[in-house]
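First comes the structure, then the notes that go with it.
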Amino acid sequence: MKKKSSGGIVVLLIAIIIIAALAYLYNSKIFERVAPNIALNQKIEWNLKQPIAVKISDASGIKFVRAVLSDGKNSIVLAKQLFTSPKEEFTLNIEFPRTGFVSNKKRFELTVESVDASKWNFLSGNKAIKKSLILVDTRRPELFTINNSYKIIKGGAAVVIFKAKDENLKDLYIETSFGKKFQPTPFYKDDYYISLLAWPSFEKSFKATIIAKDRAGNVSRSRVRFYLKNKKYRVSNIRLKDNFLSGKIVDLAEENSQQSATMGKIERFKYVNETLREKNENIIESVTSSVPTKMMSSFKLKPFYPLKNAAAVASFGDHRFYSYDGKQVSQAYHLGIDLASVAKASIVSSNKGTVVLAKYNGIYGKNIIISHGLGLYTLYGHTSSDLVDEGENIKAGDVIAKTGMTGLALGDHLHFGILVQGIEVRPEEWMDKNWMKDNIFDVIKAAKKIIDRK
Ligand SMILES: [Zn+2]
C-alpha cells in the first residue's frame with residue numbers, strides 16, 4: 001500500500017516534468033510556430049535598375065529564401081539561398097536577370113518564399129510565401145519647361161510653367177541651389193504645373209532645377225534658365241542707444257522671456273534681435289509655406305498699395321549691424337519695407353485673400369498675413385487694431401488694420417512684406433504694375449497659348 005502510493009508519486013512527478021519540458025519547448029524559440037515575415041508590397045513599379053529590397057525577419061532565424069519571377073509563361077529563379085547559420089533579419093536584394101531570361105513583358109509575378117530555422121512541423125520549420133505584381137516602368141517622366149520669367153533679381157521673384165507627365169508620378173518639386181524646394185501647383189490643363197520662385201536677398205546665387213520622380217525610381221531633371229540680375233542691398237551700422245535698450249527692448253524681453261530680469265542690456269537686446277526674431281520668423285515661415293494643390297487656371301493680381309500717401313522710411317533687404325560702445329554686438333536683415341503716413345492710418349489689402357495669421361507675434365507686434373494664392377502672401381507688422389480674424393476671407397480694397405507701433409517699432413508705421421512659399425521677396429516688385437505684367441502675368445498668358453496649341 002505504501003509502495004504503491006510512492007510509485008504513483010514518481011509517475012506523477014515524471015509526468016509533470018515531461019509536461020513542463022514540452023511546455024518549455026513549445027514556447028521556446030526552437031519550436032516557434034510563426035512563419036517568417038516577408039515585407040513585400042502587393043504591387044511594385046520597377047525600373048529594373050535598382051534592386052528590389054525585400055526585408056525578411058523571423059524570431060528563430062531564417063534558414064532558406066527563394067525568389068522566382070514569372071511572366072505567366074516562363075519563370076526564372078532570381079535568388080536562392082540556404083543559411084548554415086540562420087539570421088533573424090535578412091534583406092534580399094532582387095535584381096533583374098541580365099542573361100538567361102528573355103521577356104519583353106511589362107507585368108510579372110514575383111514570388112518570395114522563406115523557411116525559418118524552427119524545429120516545428122517535424123523539424124522542417126515554418127514556411128511563408130508572398131507574391132507581388134511587378135510592373136516594369138523604365139521610362140523617365142516627361143518633363144520640360146513651357147515658359148518662365150526672363151529674369152530674376154536677387155531678392156526678387158519669378159514664375160515658371162512646365163509640363164510633367166508620368167503614369168506613376170510620385171514627386172515633383174523645384175530644387176534650388178540654397179536648399180529650398182518649391183512646390184508646384186497643377187495649372188490650366190492636366191500634366192501642366194506652375195510655381196512662383198524666389199531668390200532670397202542674402203543668397204549669393206540662384207539656380208533652379210525641376211525634379212520629377214516616378215514610383216519606379218526613374219528621375220527627370222530640367223534646369224530653369226533665368227537671366228540673373230544681381231542687386232546690392234544696403235548695409236547699415238546702427239549704434240545702440242541706452243534709451244532704446246532700456247525702453248522697447250525691455251518691454252519685448254519681459255513679454256516674451258521669463259529670464260528677462262536676469263539679462264544684461266546687450267544680452268537682452270541680442271535675445272530680442274536674434275532669439276525672439278528667429279521664433280517670430282519661424283511662425284511667419286510656417287504659415288506662408290503652403291501652396292495650393294488644386295488646379296488653378298488663372299493668377300492675376302493688382303499691384304499692392306497698402307497705405308495711401310505713405311513715405312518709405314526703410315527699405316527691403318537692409319543688412320543691419322548693431323554696435324554698442326564701439327563693438328559690433330548683433331545683426332539682422334530687414335526683409336520688408338517700412339511705410340509711414342499718419343498715426344493709425346488705414347491699411348488696405350489691394351487683392352482678395354484669406355487671413356492666415358492675425359495675432360501678436362513678438363517683434364512684428366500685431367501681425368497680419370494674407371494668402372493671395374499660388375504661395376504668395378502679404379505681411380503687415382506693428383498694426384494696432386483688431387479688424388480681421390484668422391480664416392477670414394477678405395475682398396480687394398478691404399481695410400484690414402490700422403497702423404501702429406506694436407512690437408519692435410519706434411514710431412507709428414507699417415512693416416509691409418511679401419512672401420513666396422515662405423521666402424521674403426522685394427515688395428517693390430509686387431507694387432509695380434509693369435513689373436508684374438512683364439515678369440509674371442504675360443509669362444502665364446504666353447504659357448497658356450503654348451499649352452492650347454499642343
Ligand atoms: Zn520694418
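Just remember, in the C-alpha cells the first chain shown is A, the second B, etc., residues are 1-based per chain, and ligands are 1-based in the order shown.
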Would you mind listing what lies within 12 Å of A:Glu281 as a PyMOL selection string, with only C-alpha atoms counted and same-chain residues fewer than 2 positions away left out? chain A and resi 273-279+283-289+332-335+361-364+367+379+381+417+419+422-424
Give the residue list for ligand 1 at 8 Å, counting only C-alpha atoms and all ligand atoms, as a JSON list (two decimals) with N, CA, C and O atoms, in the first residue's frame, sorted by chain and then by residue number.
[["chain", "number", "residue", "atom", "x", "y", "z"],
["A", 314, "ALA", "N", 12.05, 102.80, -44.54],
["A", 314, "ALA", "CA", 13.15, 101.82, -44.52],
["A", 314, "ALA", "C", 12.91, 100.86, -45.67],
["A", 314, "ALA", "O", 11.77, 100.59, -46.03],
["A", 315, "SER", "N", 14.00, 100.41, -46.28],
["A", 315, "SER", "CA", 13.83, 99.58, -47.47],
["A", 315, "SER", "C", 14.10, 98.11, -47.22],
["A", 315, "SER", "O", 14.60, 97.72, -46.17],
["A", 334, "HIS", "N", 16.54, 93.27, -42.69],
["A", 334, "HIS", "CA", 15.21, 93.87, -42.69],
["A", 334, "HIS", "C", 14.51, 93.43, -43.97],
["A", 334, "HIS", "O", 14.81, 93.92, -45.05],
["A", 335, "LEU", "N", 13.58, 92.46, -43.84],
["A", 335, "LEU", "CA", 13.03, 91.83, -45.04],
["A", 335, "LEU", "C", 11.61, 92.30, -45.37],
["A", 335, "LEU", "O", 10.72, 91.51, -45.67],
["A", 336, "GLY", "N", 11.43, 93.61, -45.31],
["A", 336, "GLY", "CA", 10.16, 94.20, -45.72],
["A", 336, "GLY", "C", 10.43, 95.66, -45.96],
["A", 336, "GLY", "O", 11.58, 96.11, -45.83],
["A", 337, "ILE", "N", 9.40, 96.43, -46.34],
["A", 337, "ILE", "CA", 9.62, 97.87, -46.41],
["A", 337, "ILE", "C", 8.77, 98.53, -45.33],
["A", 337, "ILE", "O", 7.71, 98.03, -44.98],
["A", 338, "ASP", "N", 9.29, 99.63, -44.81],
["A", 338, "ASP", "CA", 8.56, 100.36, -43.78],
["A", 338, "ASP", "C", 7.90, 101.57, -44.43],
["A", 338, "ASP", "O", 8.56, 102.37, -45.10],
["A", 381, "GLY", "N", 3.02, 94.32, -40.35],
["A", 381, "GLY", "CA", 3.51, 94.30, -38.97],
["A", 381, "GLY", "C", 3.29, 95.60, -38.24],
["A", 381, "GLY", "O", 3.06, 96.65, -38.86],
["A", 409, "ALA", "N", 8.91, 98.55, -32.89],
["A", 409, "ALA", "CA", 8.72, 99.73, -33.73],
["A", 409, "ALA", "C", 8.86, 100.97, -32.85],
["A", 409, "ALA", "O", 8.31, 101.01, -31.75],
["A", 414, "LEU", "N", 3.96, 101.07, -40.89],
["A", 414, "LEU", "CA", 3.59, 99.73, -41.35],
["A", 414, "LEU", "C", 4.84, 99.03, -41.87],
["A", 414, "LEU", "O", 5.56, 99.57, -42.71],
["A", 415, "HIS", "N", 5.10, 97.83, -41.34],
["A", 415, "HIS", "CA", 6.14, 96.99, -41.92],
["A", 415, "HIS", "C", 5.41, 96.08, -42.90],
["A", 415, "HIS", "O", 4.57, 95.26, -42.51],
["A", 416, "PHE", "N", 5.69, 96.26, -44.20],
["A", 416, "PHE", "CA", 4.98, 95.53, -45.24],
["A", 416, "PHE", "C", 5.91, 94.53, -45.91],
["A", 416, "PHE", "O", 7.00, 94.90, -46.38]]
Which residue is closest to A:Arg426? Choose from A:Leu169, A:Ser222, A:Ile152, A:Tyr188 and count only C-alpha atoms.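 Of A:Leu169, A:Ser222, A:Ile152, A:Tyr188, the one nearest A:Arg426, counting only C-alpha atoms, is A:Ile152.
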Could you give me the residues within stretch 107-164 of chain A that DSSP places in strand (DSSP E or B), as a PyMOL selection string? chain A and resi 107-116+127-136+142-148+151-153+157-164
Which neighbours of A:Gln421 fall inside 12 Å, counting only C-alpha atoms, when residues of the same chain fewer than 6 positions from it are skipped, and could you give them as a PyMOL selection string? chain A and resi 157+174+180-185+195-200+284-292+371-378
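Taking atom CA of A:Asn126 and atom CA of A:Ala59 as endpoints, the distance between them is 11.1 Å.
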So how far away is atom CA of A:Ala21 from atom CA of A:Ala35, in Å? 23.1 Å
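Atom CA of A:Glu45 is positioned 18.4 Å from atom CA of A:Ala164.
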